[in-house]
Every structure is written in C-alpha cells, then in structure tokens.
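Enquirer: First, the structure itself, so that you have it in front of you.
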Amino acid sequence: MTETSENNAFSKGTSVGLNRQSPAAPSDLQGGDTDSILEVSHVSSSYRDGGLGIVSRPQSVQILHDVSFRIRKGEFFGLVGESGCGKSTLCNSILGLQPFSGTIRVNGTSRKELGRKDFSEAVQAVFQDPMSALDPRKTIGYTLREPLIAHRIGTAQEQHAAVLEMLSRIGLDASYENRYPGELSGGQRQRICIGAALMLHPSLIIADEAVSALDVSVGAQILNLFRDTGRNENFAMLFISHNLNVVYYLCSRIAVMYSGRIVEIGSADDIYYHSVHPYTRLLLSAIPGFEDGIEEEEAKEAGAERQTQAELHKAGEAAGTDRAEKAELSIGKGAAKGGLSGQPHTACCFYARCPYAAEKCLCEPPQINVAHEGTPEHLVSCILAK
Amino acid sequence: MSTIAENTAFRSHSSAARQSVPAADRKIPAENGGKTEKAEQAPILRIQNLTVGLRGADSSHLVTDHVSIDVGAGEILGIVGESGCGKTVTNLAVMDLLPQSLYVSSGSILFRGKDLLQMSTKERQQIYGNDISMIYQEPLTSLNPLQKIGRQVGESLRLHERNISKEEIAVRVRRSLEEVGLPDIDRIMDAYPHQLSGGQRQRVMIAMATVCRPDLMIADEPTTALDVTVQAQVLRLLHHISRRHGMSVIFISHDLAVIRQICDRVVVMYAGQAVESAPVEELLCTPEHPYTKALLRSIPLPSSKGADLPVIPGHVPAVNEKRDPCPFAPRCPVASALCREKAPAPVLLSEGHEVLCHMAGRGKEAADD
C-alpha cells in the first residue's frame, strides 16, 4: 500500500467513510441523523519562516498534516494536545484567519461559497483572554449589539430587547448593559464574549481555551453556561483545551492531536478509559489527579508498569517491536517538537518520544485502525492498535 | 445535592486507597527522617498576623488581613486560592518584593526566629537568594535574555559565597543543573534562555534557586504556564529536591489537584485571609470551611461528567469593596447573622487543622440531627 492511499484511508475513516463502514455506529453517540455541521477534510497548513537573511534561508514549516474529522449536529467536540501541536492553527483555519489547503465545510458549504458575512453568522469563536477580545471603550450593551448592527438584523428596539434577553441568559442583570469591560471580573467578561458569540445564533462555536485563564469556581460557571447552551440550541461546539479533565467533562467526542496530526479520535469514554495511542496515555497519566500523590504514584508505578509492559510486549511482538522490553511509560522522554529533524518523513510523528517505537514505525507512517472491536468510531493512528 | 454526595464519596474512597500505603513509606527517606514529624515544633518560617495595606487608601482596605502561616523544616506547604486572594502578596512580603503601592502595616515574618521586617537591608540581602529563594510562573520573564545560562545560575553563588573560585562555581553550577535532570549540560550552560524549551527553562530556574542550597524555596505557580506532561516532570523534580535536601517549599497554586500531588499541608486563602489550614489529606476529605467545600465541588472530575457543576454564587470582593466581618458571608450557604456582625476567630479542630469560621464544627451536629 502506498503512502497516499493510506492517508486517504485515514481521512475516509474519520470523515466521510465512517458512515459507510458502520451504519449502526452513529446512533450510539448521537441518536439520530448524522448530518454534520463541520466537515474538515485533508486540511494542511504551513507558514513561511522568513529566515534570518544570510544566516538561514526562508523555508516552509508545515503545521497541520492532512487533518480530517467532522462534528455532528448537537455535538460537543473536544480537541486536546500540548502547546505547539496545532490546535489553535486548526481553529484559525476553520475561522478563515489562516491559509490552508484542503476543504472545510460548515453546514455543507465552504467559507468561499458562503461569503464572509454569512460565514460569520454560522461560525463564532470564544478565545482565551476575554479582556483582549473586548473593546475597553465600548459598553457591554454595544458589544452585544454589534453583531446585530453589522448584520443589519432588527430595528433598534428589537436589538435592545435581544441584548437584554442575552444578558439574562448569560446570568447577568440588565444593569450591566451600560457598564464597561474594565468594571467586570474575568468570569463576567468571558460571559460577555460567549453572549456576543451567541447573538447571531451560530451553528458552530469554537472555544479556544475558553476556560483556561479562569479560576476554578469561575470556570465551573462558564462550563455550566456552555452546557446549557448546548441543551437549548441546535448547534455544535469545537472545544479546544489542554485540560483533558475539562474536555472529558464537557464533550461527547474527543480528538487528540500531536505534531499537527490527529492521532486518536473517539467518544469521550473511549479516549478517557480505553485509550490506545501511547501519546494519549502519556497525556492521561500526566493529569494531576486526586487519587495519588507523587510518592505513592512512584511506588505503584513500578507494579503497574510491569503489567502494561507485559501487555504491550505482547502487542509489540505481534507488530515486530524490539524495543518493547525496555519500554517505559514514564512521563515524557524528550520534549514535544513540531518538526522532527533527523527523522525520515515517513516516520510516525510520535517516534521520538514513544516508548514502544519499533523499526517499523520509522519506515512507514502508521495506518489508521479501529482501536477495539465493537467501537468502530474509536480510531487510532498507531501500530499498536490491532 | 446528589453531586455533593457523589463527590464526597469519591474523595473518601481515594483517601481509603491512600491509607493502604504504609505510613513509613510516605514519609521522607532516612536522611532526614524525623524532620517533618517535628515540623510543627520548629517552624523555619513563621508569618504572624501579616497585614498588607494599600498605600493612600483607607486603612480598612487590606490586601492581606492578619495572615498567620507556619512552614516547618522540610515541609512542602501549599497555598491555594483564587486570583486576588492574596497568596502572591503574602509571599512577596516575605521576599521584600512588594510593589510600591503596597506596604506591610502590621505583623511579623520570622525566619529562623529573626524578624525579616526588622532587619537591615544588608542582613536581608544575606538571606535572599542564599537561604530563601523564589521561582516564578513564567521562567522566560525571570531569566536574563542576554546572559548565558551557566552565568545566571552561578550568579547567586558569586554574590553570597566569599572567596569562591571560578572552578568551584563551575562545579556547583554543573551539579545543580545535573540535579534538575537537564541533558547535555555543556550545551545548556552555553545556551541563552530563548534556546531552551519552556520545561527546560523552568528547570534552569529551579537550578538557580537551589544552587545555594536554600532552606526555603517559594514557588509561585511554577507549573501554570507549562503543559500537563511537563508539569508532571517539574512537580516530581521539586518534590525530589525538597525531600533530598530537606528544603522547605511554599508552593502557590490555584489548582487543588496539583497541590494534592506534592504538598504535605495546605493553606486555603480567601479575600486576604487564611481561612483554613490542614494536612492535605484532611483538607480534601473533610474540608470544614464552606469556601473550601465549595471550591472542591466546582472542580470538574471524571465522575461528575454530565452533571451540573455546583458554582459559588457572587464574586470575590475587590480590595476597595466593603466587606462583612467574615468576607465569605455574602456567598456562604450557612452564613448567619453572627457572621455579619463579628469576625470569626480561628478554631482548632484537630491537630494542624485550623478553620476561620463561626460555623466550624457545627456541621456535624446539624448532620446528626
């Protein structure tokens, strides 16, 4: 099998081909029709590194490598990964803030076909830092009304009524209409950002690290608001975060990104409890939990490691792994690197950090496999999935 | 209500699992075995009734309000609270780094029995960097971009150790960098901060802070800017260094899960007051202050998927806002008229578990009825 056809198999699996392969599967997660709100297929993105004049030449650095997935109606879709893995680039590509190759369709039409105005009605975003997203010299009332003014929706009275309705929906009283962002707390500002994003009743909201900068108790309020929004309206959400706990709490499906590729995708429970890809496991093991302190962890690890190693050794033997013996699932050998210098392009992107990497991983990129039998929606790009 | 019950169940379960680990294993290895046991007897740092005010404002506007914190020798103490609750200000006061707009209006900070606030500048300079060091949230902003790593790490040695030879500095810098697990030390010593990754920079910061073998390190949100995988590495490293050298650590964080992982004891701060302090296990399993309880409930856990997260109504009072005698009273589900009339006094519930609440200890009676 050639490289290209393999790649096609991946994208088919995650996007279009899924339904054909498993007509019964979607009902497990969604219960009903599977027409998608967002379709991302074969998206690649790169930027031009200008170089340093005579020191180094300009070159092109690829950020996203053939990313494909889809988000269905009413779905909360989580995207996790470390910093620098391309989460935000993907988000910017979807919003049309970043050039890319491939196709991104919202409700079946691409941004080009829709035009900027209609597109912004369909897709809205909430970013990490609310203060930099709000205009400090405009009142909250105006900020919320601005989308309606820009799209010429309703008369002044209707717009005012809509603003008041939105304020009550995001849990603020009418007096906030005449306040300025500087007078509000971080959580209130983030509510305003969410309110402004909801004003046009978009079908997709992209939340890029929307709760990361907030305190725990405030973050809880925002998460509740997101959940309620999902209940009240027929829309979908792409929730980007590096905090797997928050993503698991909110989302029904999760994709894990590493080095510009989606390495594992599946339902929240699949990813959280039955993950296969070593990188997903690494992420999960790094979450500080309430279960164990570092001391017990180290004691326990010795036992648990032996077990996983035995397990993976078996899997490794099947796949021809020779390094499984010394494999250690201890946290991170080496740092996350975007470009893997000194490695052939055919190698698996996680090769450098993977404790189970085999010769085979260096020669050909991993195929996309169904992780476990019986869960056709849980796909993973790793030779360990068999 | 059901969520609350579930959450508590989850925690008590986890505590049961923890207790199965023999106590001896959990404590420090032989080197300084008895040290934490006796921590309470000889605190290395003792903050007493520290009150920090805002310059030019009404004297009732307090950034921290009679905060008392003891740090035992070899102990890792966590300080947790939301933004603006005074965790950082308290520690900046210890380091004598308060911004111009703030001043210490009363209280004392005893380091090994001597009051840092009464010392001359020269005496204090002997202590900072040598006996007490600090690491910050964003390593890139606290490293000098124009100096090589080797030089920056050695700086405090050059300042504090008289008659130290260049060779010895190099040896100690190297040892310190080795200890924090950095690879390829020759390259790192010759590198500039921008050439390192975020995790490596934070390790360099830790190496800088430990090169003089301080007795106390203040870590102000050292892992907040890092990825989870790197965070786990840095936490282990801090824990390891503290245990190996018997160094006390004040670990400031807003993340209770992180605190749970490495700390021995926790102080919860709210609106400038230390509202509850207890051994980490006890605090997470049997929190007594309503704020601690609410804070614990609002953390999304795997077990709470699908449920509404209980939120704390209202907001943290700003410094210039009028407060009730108990600042949490307006948001408190169990507040009574007493809470709005009289400031609560600290209540000692059990050894090492102190709560600043009128209702402390009454919860049990109510539950029994």
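By order of appearance in the structure tokens: chains A, B, ..., then residues from 1 within every chain, and ligands from 1 in the order shown.
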Hey, could you make a per-residue contact list for chain B against chain A with 8 Å as the cut-off, showing the nearest pair of atoms and its distance in Å to one decimal, counting only C-alpha atoms, sorted by chain and number, as CSV?
Expert:
residue,atom,partner,partner_atom,distance
B:Arg11,CA,A:Phe290,CA,7.7
B:Ser14,CA,A:Glu291,CA,5.4
B:Ser15,CA,A:Glu291,CA,7.7
B:Ala17,CA,A:Glu291,CA,7.9
B:Arg18,CA,A:Asp292,CA,7.2
B:Val21,CA,A:Glu296,CA,7.2
B:Arg26,CA,A:Glu295,CA,6.3
B:Glu82,CA,A:Asp215,CA,5.8
B:Ser83,CA,A:Asp215,CA,6.8
B:Ser197,CA,A:Ala335,CA,7.9
B:Asp227,CA,A:Glu82,CA,5.9
B:Val228,CA,A:Ala286,CA,5.7
B:Thr229,CA,A:Ala286,CA,5.0
B:Val230,CA,A:Gly332,CA,7.7
B:Gln231,CA,A:Ala286,CA,7.7
B:Ala232,CA,A:Ala286,CA,5.6
B:Gln233,CA,A:Ile331,CA,6.9
B:Arg236,CA,A:Ile294,CA,6.7
B:His239,CA,A:Ile294,CA,7.9
B:His254,CA,A:Asp215,CA,7.2
B:Asp255,CA,A:Val216,CA,7.6
B:Ala257,CA,A:Gly289,CA,5.5
B:Val258,CA,A:Pro288,CA,5.6
B:Arg260,CA,A:Phe290,CA,6.3
B:Gln261,CA,A:Gly293,CA,4.0
B:Ile262,CA,A:Gly293,CA,6.1
B:Leu295,CA,A:Ser217,CA,6.2
B:Ser298,CA,A:Ser217,CA,5.6
B:Ile299,CA,A:Val216,CA,6.3
B:Pro300,CA,A:Val246,CA,6.2
B:Leu301,CA,A:Asn245,CA,6.4
B:Pro302,CA,A:Tyr249,CA,6.4
B:Ser304,CA,A:Tyr249,CA,7.1
B:Lys305,CA,A:Tyr249,CA,4.6
B:Gly306,CA,A:Tyr249,CA,6.8
B:Asp308,CA,A:Asn224,CA,6.3
B:Leu309,CA,A:Ala220,CA,6.0
B:Pro310,CA,A:Ala220,CA,7.4
B:Val311,CA,A:Gln221,CA,6.0
B:Ile312,CA,A:Ser217,CA,6.5
Enquirer: Selected residues, N, CA and C atoms, written as a compact mmCIF listing (two decimals), in the first residue's frame, please.
Expert:
# COMPACT_ATOMS: atom_id res chain seq x y z
N ARG B 11 -14.03 11.18 47.18
CA ARG B 11 -12.82 11.57 47.90
C ARG B 11 -12.51 10.61 49.04
N SER B 14 -10.90 7.69 47.70
CA SER B 14 -9.49 7.86 47.35
C SER B 14 -8.62 7.91 48.59
N SER B 15 -9.17 8.46 49.65
CA SER B 15 -8.36 8.54 50.86
C SER B 15 -8.13 7.15 51.43
N ALA B 17 -7.86 4.51 49.72
CA ALA B 17 -6.83 3.88 48.92
C ALA B 17 -5.45 4.35 49.36
N ARG B 18 -5.38 5.60 49.75
CA ARG B 18 -4.10 6.18 50.13
C ARG B 18 -3.59 5.59 51.42
N VAL B 21 -1.31 2.61 51.79
CA VAL B 21 0.14 2.71 51.68
C VAL B 21 0.71 2.89 53.08
N ARG B 26 5.60 6.72 53.08
CA ARG B 26 5.20 8.03 52.58
C ARG B 26 6.12 9.12 53.12
N GLU B 82 -8.20 31.64 44.86
CA GLU B 82 -8.48 32.21 43.55
C GLU B 82 -7.62 33.44 43.33
N SER B 83 -7.64 33.95 42.10
CA SER B 83 -6.82 35.13 41.84
C SER B 83 -7.30 36.28 42.70
N SER B 197 13.49 25.02 25.83
CA SER B 197 12.03 24.90 25.84
C SER B 197 11.49 25.35 27.20
N ASP B 227 2.79 22.73 29.95
CA ASP B 227 1.89 21.65 29.53
C ASP B 227 1.77 20.60 30.62
N VAL B 228 0.70 19.82 30.58
CA VAL B 228 0.50 18.82 31.64
C VAL B 228 1.65 17.85 31.77
N THR B 229 2.20 17.41 30.65
CA THR B 229 3.27 16.41 30.73
C THR B 229 4.52 17.03 31.36
N VAL B 230 4.82 18.26 30.98
CA VAL B 230 5.98 18.95 31.55
C VAL B 230 5.71 19.28 33.01
N GLN B 231 4.48 19.66 33.30
CA GLN B 231 4.10 19.97 34.68
C GLN B 231 4.39 18.78 35.59
N ALA B 232 4.02 17.59 35.12
CA ALA B 232 4.23 16.40 35.94
C ALA B 232 5.72 16.22 36.23
N GLN B 233 6.56 16.47 35.23
CA GLN B 233 8.01 16.33 35.43
C GLN B 233 8.51 17.33 36.47
N ARG B 236 7.50 16.48 40.06
CA ARG B 236 8.33 15.40 40.60
C ARG B 236 9.68 15.91 41.03
N HIS B 239 9.53 17.95 44.24
CA HIS B 239 9.29 17.04 45.34
C HIS B 239 10.58 16.32 45.72
N HIS B 254 -3.37 27.61 42.09
CA HIS B 254 -4.82 27.68 42.20
C HIS B 254 -5.42 26.31 41.91
N ASP B 255 -4.57 25.35 41.61
CA ASP B 255 -5.04 24.04 41.20
C ASP B 255 -4.92 23.05 42.37
N ALA B 257 -5.63 19.97 42.52
CA ALA B 257 -5.12 18.65 42.17
C ALA B 257 -3.60 18.63 42.21
N VAL B 258 -2.99 19.73 41.76
CA VAL B 258 -1.53 19.84 41.81
C VAL B 258 -1.06 19.88 43.25
N ARG B 260 -2.53 18.68 45.81
CA ARG B 260 -2.74 17.35 46.37
C ARG B 260 -1.54 16.44 46.07
N GLN B 261 -0.96 16.64 44.90
CA GLN B 261 0.12 15.74 44.50
C GLN B 261 1.39 15.93 45.30
N ILE B 262 1.76 17.18 45.58
CA ILE B 262 3.09 17.30 46.18
C ILE B 262 3.13 17.86 47.60
N LEU B 295 -15.18 25.19 46.78
CA LEU B 295 -14.08 25.15 45.82
C LEU B 295 -13.85 23.72 45.33
N SER B 298 -16.52 22.53 42.82
CA SER B 298 -16.61 23.12 41.50
C SER B 298 -15.54 22.63 40.54
N ILE B 299 -14.75 21.65 40.94
CA ILE B 299 -13.74 21.10 40.04
C ILE B 299 -14.37 20.00 39.19
N PRO B 300 -14.26 20.11 37.86
CA PRO B 300 -14.82 19.03 37.05
C PRO B 300 -14.00 17.76 37.21
N LEU B 301 -14.65 16.69 37.62
CA LEU B 301 -13.98 15.40 37.78
C LEU B 301 -14.58 14.42 36.80
N PRO B 302 -13.82 13.38 36.46
CA PRO B 302 -14.39 12.38 35.55
C PRO B 302 -15.74 11.86 36.04
N SER B 304 -18.02 13.40 37.55
CA SER B 304 -19.13 14.35 37.51
C SER B 304 -19.55 14.66 36.09
N LYS B 305 -19.09 13.87 35.12
CA LYS B 305 -19.47 14.12 33.72
C LYS B 305 -20.98 14.08 33.57
N GLY B 306 -21.52 15.08 32.91
CA GLY B 306 -22.94 15.11 32.66
C GLY B 306 -23.72 15.87 33.71
N ASP B 308 -24.43 19.00 36.47
CA ASP B 308 -24.15 20.42 36.57
C ASP B 308 -23.08 20.62 37.64
N LEU B 309 -22.12 21.49 37.36
CA LEU B 309 -21.12 21.77 38.38
C LEU B 309 -21.69 22.77 39.36
N PRO B 310 -21.61 22.48 40.66
CA PRO B 310 -22.11 23.46 41.63
C PRO B 310 -21.19 24.68 41.60
N VAL B 311 -21.76 25.86 41.49
CA VAL B 311 -20.93 27.06 41.45
C VAL B 311 -21.11 27.84 42.75
N ILE B 312 -20.14 28.73 43.01
CA ILE B 312 -20.25 29.60 44.18
C ILE B 312 -20.92 30.88 43.70
Enquirer: Find the residues around Asp96 of chain B up to 12 Å (only C-alpha atoms counted), leave out those fewer than 2 positions away in its own chain, and share them as a list in words.
Expert: Val52, Thr88, Val89, Thr90, Asn91, Leu92, Ala93, Val94, Leu98, Pro99, Gln100, Leu102, Tyr103, Val104, Ile109, Leu116, Leu117, Gln118, Met119, Ser120, Thr121, Arg124, Gln125, Ile127, Tyr128, Gly129, Ile132, Ser133 and Met134 of chain B
Enquirer: Go ahead and save the residues from that selection, with N, CA and C atoms, as a short mmCIF file (atom, residue, chain, number, x, y, z; two decimals), in the first residue's frame.
Expert:
data_model
loop_
_atom_site.label_atom_id
_atom_site.label_comp_id
_atom_site.auth_asym_id
_atom_site.auth_seq_id
_atom_site.Cartn_x
_atom_site.Cartn_y
_atom_site.Cartn_z
N VAL B 52 -1.17 43.49 55.00
CA VAL B 52 -0.64 44.33 53.95
C VAL B 52 -1.73 45.29 53.51
N THR B 88 -0.04 35.54 46.43
CA THR B 88 1.23 36.06 45.94
C THR B 88 1.73 37.21 46.80
N VAL B 89 0.81 38.10 47.21
CA VAL B 89 1.21 39.26 48.02
C VAL B 89 1.88 38.80 49.32
N THR B 90 1.31 37.79 49.95
CA THR B 90 1.90 37.27 51.18
C THR B 90 3.36 36.86 50.96
N ASN B 91 3.59 36.19 49.84
CA ASN B 91 4.94 35.69 49.59
C ASN B 91 5.88 36.77 49.10
N LEU B 92 5.32 37.76 48.40
CA LEU B 92 6.16 38.89 48.02
C LEU B 92 6.60 39.65 49.27
N ALA B 93 5.72 39.70 50.26
CA ALA B 93 6.09 40.36 51.50
C ALA B 93 7.24 39.63 52.17
N VAL B 94 7.22 38.29 52.11
CA VAL B 94 8.31 37.52 52.68
C VAL B 94 9.61 37.84 51.97
N LEU B 98 7.37 43.63 47.69
CA LEU B 98 6.06 44.23 47.49
C LEU B 98 6.14 45.42 46.54
N PRO B 99 5.17 45.56 45.64
CA PRO B 99 5.17 46.73 44.77
C PRO B 99 5.00 48.02 45.59
N GLN B 100 5.39 49.14 45.00
CA GLN B 100 5.35 50.43 45.69
C GLN B 100 3.99 50.74 46.32
N LEU B 102 1.93 48.90 47.80
CA LEU B 102 1.54 48.12 48.97
C LEU B 102 2.57 48.27 50.09
N TYR B 103 2.12 48.13 51.32
CA TYR B 103 3.06 48.18 52.44
C TYR B 103 2.58 47.26 53.55
N VAL B 104 3.52 46.78 54.35
CA VAL B 104 3.17 45.92 55.48
C VAL B 104 2.75 46.83 56.63
N ILE B 109 7.41 38.61 60.21
CA ILE B 109 7.79 37.44 59.42
C ILE B 109 9.08 36.92 60.03
N LEU B 116 12.27 39.26 59.65
CA LEU B 116 12.81 39.81 58.41
C LEU B 116 12.48 41.28 58.24
N LEU B 117 11.33 41.68 58.82
CA LEU B 117 10.89 43.07 58.63
C LEU B 117 11.72 44.06 59.43
N GLN B 118 12.35 43.55 60.52
CA GLN B 118 13.14 44.44 61.37
C GLN B 118 14.62 44.49 60.97
N MET B 119 14.99 43.61 60.07
CA MET B 119 16.42 43.52 59.71
C MET B 119 16.86 44.69 58.87
N SER B 120 18.18 44.93 58.87
CA SER B 120 18.71 45.94 57.98
C SER B 120 18.76 45.36 56.57
N THR B 121 18.84 46.25 55.58
CA THR B 121 18.85 45.79 54.20
C THR B 121 20.01 44.82 53.96
N ARG B 124 19.25 41.41 55.28
CA ARG B 124 18.26 40.74 54.44
C ARG B 124 18.90 40.23 53.15
N GLN B 125 19.78 41.01 52.58
CA GLN B 125 20.42 40.61 51.33
C GLN B 125 21.22 39.32 51.51
N ILE B 127 20.24 36.92 53.22
CA ILE B 127 19.30 35.81 53.30
C ILE B 127 18.66 35.50 51.94
N TYR B 128 18.23 36.55 51.25
CA TYR B 128 17.53 36.30 49.98
C TYR B 128 18.48 35.74 48.94
N GLY B 129 18.06 34.70 48.30
CA GLY B 129 18.88 34.07 47.28
C GLY B 129 19.78 33.00 47.88
N ILE B 132 16.67 31.89 51.38
CA ILE B 132 15.32 31.83 50.83
C ILE B 132 15.42 32.17 49.35
N SER B 133 14.85 31.34 48.50
CA SER B 133 14.84 31.67 47.08
C SER B 133 13.44 31.53 46.54
N MET B 134 13.23 32.04 45.34
CA MET B 134 11.87 32.06 44.80
C MET B 134 11.90 31.71 43.32
#
Enquirer: What is the atom CA of Pro365 of chain A-atom CA of Tyr273 of chain A distance in Å, reported with one decimal?
Expert: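 For atom CA of Pro365 of chain A relative to atom CA of Tyr273 of chain A, the distance reads 25.4 Å.
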Enquirer: Report, in Å to a single decimal, how far apart atom CA of Ser212 of chain A and atom CA of Ile206 of chain B are.
Expert: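 Result for atom CA of Ile206 of chain B versus atom CA of Ser212 of chain A: 24.8 Å, one decimal.
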Enquirer: Compare B:Gly150, B:Gly84, B:Gly199, B:Pro346 by their minimum atom-to-atom distance to Gly181 of chain B, counting only C-alpha atoms, and give me the closest one.
Expert: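 Among B:Gly150, B:Gly84, B:Gly199, B:Pro346, it is B:Gly199 that comes nearest to Gly181 of chain B.
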Enquirer: Quick one: pick out all strand (DSSP E or B) residues within segment 166-222 of chain A from a backbone DSSP run and write them as a count of residues only.
Expert: 5
Enquirer: Could you name the residues that touch Ser44 of chain A at 6 Å or less, counting only C-alpha atoms, but leaving out those on the same chain fewer than 3 positions away, as a compact mmCIF listing (two decimals) with N, CA, C and O atoms, in the first residue's frame?
Expert:
# COMPACT_ATOMS: atom_id res chain seq x y z
N LEU A 64 -0.08 21.78 10.07
CA LEU A 64 -1.13 20.76 10.07
C LEU A 64 -0.85 19.76 8.95
O LEU A 64 -0.51 20.14 7.83
N HIS A 65 -0.98 18.48 9.26
CA HIS A 65 -0.72 17.44 8.29
C HIS A 65 -2.00 16.67 8.02
O HIS A 65 -2.37 15.80 8.79
N ASP A 66 -2.68 17.00 6.96
CA ASP A 66 -3.80 16.20 6.49
C ASP A 66 -4.78 15.87 7.62
O ASP A 66 -4.99 14.71 7.96
N PHE A 100 -4.93 27.68 4.20
CA PHE A 100 -4.75 26.23 4.34
C PHE A 100 -5.09 25.57 3.02
O PHE A 100 -5.71 26.18 2.15
N SER A 101 -4.70 24.31 2.87
CA SER A 101 -5.15 23.54 1.72
C SER A 101 -6.08 22.45 2.22
O SER A 101 -5.98 22.03 3.36
Enquirer: Find, counting only C-alpha atoms, the residue in B:His289, B:Glu351, B:Ala170, B:Gly107 that gets nearest to Arg158 of chain B.
Expert: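 Distance minimum relative to Arg158 of chain B lands on B:Ala170.
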Enquirer: Please identify the helix (DSSP H, G or I) residues within segment 89-335 of chain B (assignment by DSSP from backbone atoms) and present them as an MDAnalysis selection string.
Expert: chainID B and resid 89:94 121:127 139:142 149:160 166:179 185:189 193:195 198:210 228:245 256:262 280:285 290:297 302:304 329:331
Enquirer: My list of candidates is A:Val370, A:Leu38, A:Val55, A:Leu184. Which is closest to Phe69 of chain A when distances are computed with only C-alpha atoms?
Expert: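 Looking at the shortest contact to Phe69 of chain A, the residue is A:Leu38.
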Enquirer: Excluding Ile69 of chain B and any residue of its chain fewer than 3 positions from it, enumerate the residues within 12 Å of it, using only C-alpha atoms, and give them as a compact mmCIF listing (two decimals) with C-alpha atoms, in the first residue's frame.
Expert:
# COMPACT_ATOMS: atom_id res chain seq x y z
CA GLU B 40 5.38 21.98 64.00
CA PRO B 43 8.91 26.21 62.02
CA ILE B 44 11.55 27.61 59.73
CA LEU B 45 9.33 30.46 58.61
CA ARG B 46 6.65 31.94 60.78
CA ILE B 47 4.34 34.56 59.33
CA GLN B 48 2.34 36.15 62.13
CA ASN B 49 -0.66 38.41 61.68
CA LEU B 50 0.75 39.78 58.46
CA HIS B 66 -3.84 39.08 59.70
CA GLY B 72 8.03 23.55 59.07
CA LEU B 77 3.29 23.81 52.16
CA GLY B 78 0.63 24.56 49.56
CA ILE B 79 -1.19 27.87 49.39
CA LYS B 87 -1.42 34.32 48.00
CA THR B 90 1.90 37.27 51.18
CA ASN B 91 4.94 35.69 49.59
CA VAL B 94 8.31 37.52 52.68
CA GLY B 107 2.67 41.70 61.73
CA SER B 108 6.00 39.92 61.65
CA ILE B 109 7.79 37.44 59.42
CA LEU B 110 10.16 35.30 61.46
CA PHE B 111 12.77 33.36 59.55
CA ILE B 250 5.93 27.13 49.81
CA ARG B 265 -0.06 20.71 54.28
CA VAL B 266 -2.36 23.25 52.63
CA VAL B 267 -3.49 26.75 53.48
CA VAL B 268 -6.63 27.96 51.73
CA MET B 269 -6.81 31.72 51.27
CA GLN B 273 -7.39 35.75 54.90
CA ALA B 274 -6.06 32.29 55.54
CA VAL B 275 -9.44 30.63 56.04
CA GLU B 276 -8.39 27.03 56.53
CA SER B 277 -5.17 25.13 57.00
CA ALA B 278 -4.81 21.39 57.37
CA GLY B 352 -2.90 21.02 62.49
CA GLU B 354 -7.44 25.26 61.76
Enquirer: Using only C-alpha atoms, which residue out of A:Glu39, A:Tyr356, A:Ser45, A:Ser68 lies closest to Thr89 of chain A?
Expert: A:Ser45
Enquirer: In Å, how far is it from atom CA of Glu158 of chain A to atom CA of Ala125 of chain A?
Expert: 23.9 Å
Enquirer: Give me, as a count of residues only, all polymer residues having an atom no more than 10 Å from segment 151-155 of chain A, counting only C-alpha atoms and skipping those fewer than 6 positions away in the same chain.
Expert: 8
Enquirer: Leaving out Glu177 of chain A and any residue of its chain fewer than 6 positions from it, which residues lie within 12 Å of it when counting only C-alpha atoms, given as a list in words?
Expert: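 After dropping sequence-adjacent residues, the list is Lys138, Thr139, Ile140, Gly141, Tyr142, Thr143, Leu144, Arg145, His160, Ala161, Ala162, Val163, Leu164, Glu165, Met166, Leu167, Ser168, Glu183, Leu184 and Ile192 of chain A.
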Enquirer: Please save N, CA and C atoms of the selected residues as a CSV table (one decimal), in the first residue's frame.
Expert:
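Saved file selection.csv follows:
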chain,number,residue,atom,x,y,z
A,138,LYS,N,-16.1,50.4,24.7
A,138,LYS,CA,-17.5,50.2,24.3
A,138,LYS,C,-18.2,49.6,25.5
A,139,THR,N,-19.5,50.0,25.7
A,139,THR,CA,-20.2,49.4,26.8
A,139,THR,C,-20.6,47.9,26.4
A,140,ILE,N,-20.9,47.2,27.5
A,140,ILE,CA,-21.3,45.8,27.3
A,140,ILE,C,-22.5,45.7,26.3
A,141,GLY,N,-23.5,46.6,26.5
A,141,GLY,CA,-24.6,46.6,25.6
A,141,GLY,C,-24.3,46.8,24.2
A,142,TYR,N,-23.3,47.7,23.9
A,142,TYR,CA,-22.9,47.9,22.5
A,142,TYR,C,-22.2,46.6,22.0
A,143,THR,N,-21.3,46.1,22.8
A,143,THR,CA,-20.5,44.9,22.4
A,143,THR,C,-21.5,43.8,22.0
A,144,LEU,N,-22.6,43.6,22.8
A,144,LEU,CA,-23.5,42.5,22.4
A,144,LEU,C,-24.3,42.9,21.2
A,145,ARG,N,-24.6,44.2,21.0
A,145,ARG,CA,-25.4,44.6,19.9
A,145,ARG,C,-24.7,44.6,18.6
A,160,HIS,N,-32.3,46.0,21.1
A,160,HIS,CA,-32.2,46.3,22.5
A,160,HIS,C,-32.8,45.1,23.3
A,161,ALA,N,-34.0,44.7,22.9
A,161,ALA,CA,-34.6,43.6,23.5
A,161,ALA,C,-33.8,42.3,23.5
A,162,ALA,N,-33.1,42.1,22.3
A,162,ALA,CA,-32.3,40.9,22.2
A,162,ALA,C,-31.1,41.0,23.1
A,163,VAL,N,-30.5,42.2,23.3
A,163,VAL,CA,-29.4,42.3,24.2
A,163,VAL,C,-29.8,42.0,25.6
A,164,LEU,N,-31.0,42.5,26.0
A,164,LEU,CA,-31.5,42.2,27.4
A,164,LEU,C,-31.7,40.8,27.6
A,165,GLU,N,-32.3,40.1,26.6
A,165,GLU,CA,-32.5,38.7,26.7
A,165,GLU,C,-31.2,37.9,26.8
A,166,MET,N,-30.2,38.3,26.0
A,166,MET,CA,-28.9,37.6,26.1
A,166,MET,C,-28.3,37.8,27.5
A,167,LEU,N,-28.4,39.0,28.0
A,167,LEU,CA,-27.8,39.3,29.3
A,167,LEU,C,-28.4,38.4,30.4
A,168,SER,N,-29.7,38.2,30.3
A,168,SER,CA,-30.3,37.3,31.3
A,168,SER,C,-29.9,35.9,31.1
A,183,GLU,N,-14.9,47.2,34.3
A,183,GLU,CA,-15.6,47.1,35.6
A,183,GLU,C,-16.0,45.7,36.0
A,184,LEU,N,-15.8,44.8,35.0
A,184,LEU,CA,-16.2,43.4,35.3
A,184,LEU,C,-15.1,42.5,35.7
A,192,ILE,N,-19.6,37.7,28.7
A,192,ILE,CA,-20.0,38.7,27.6
A,192,ILE,C,-19.5,38.2,26.3
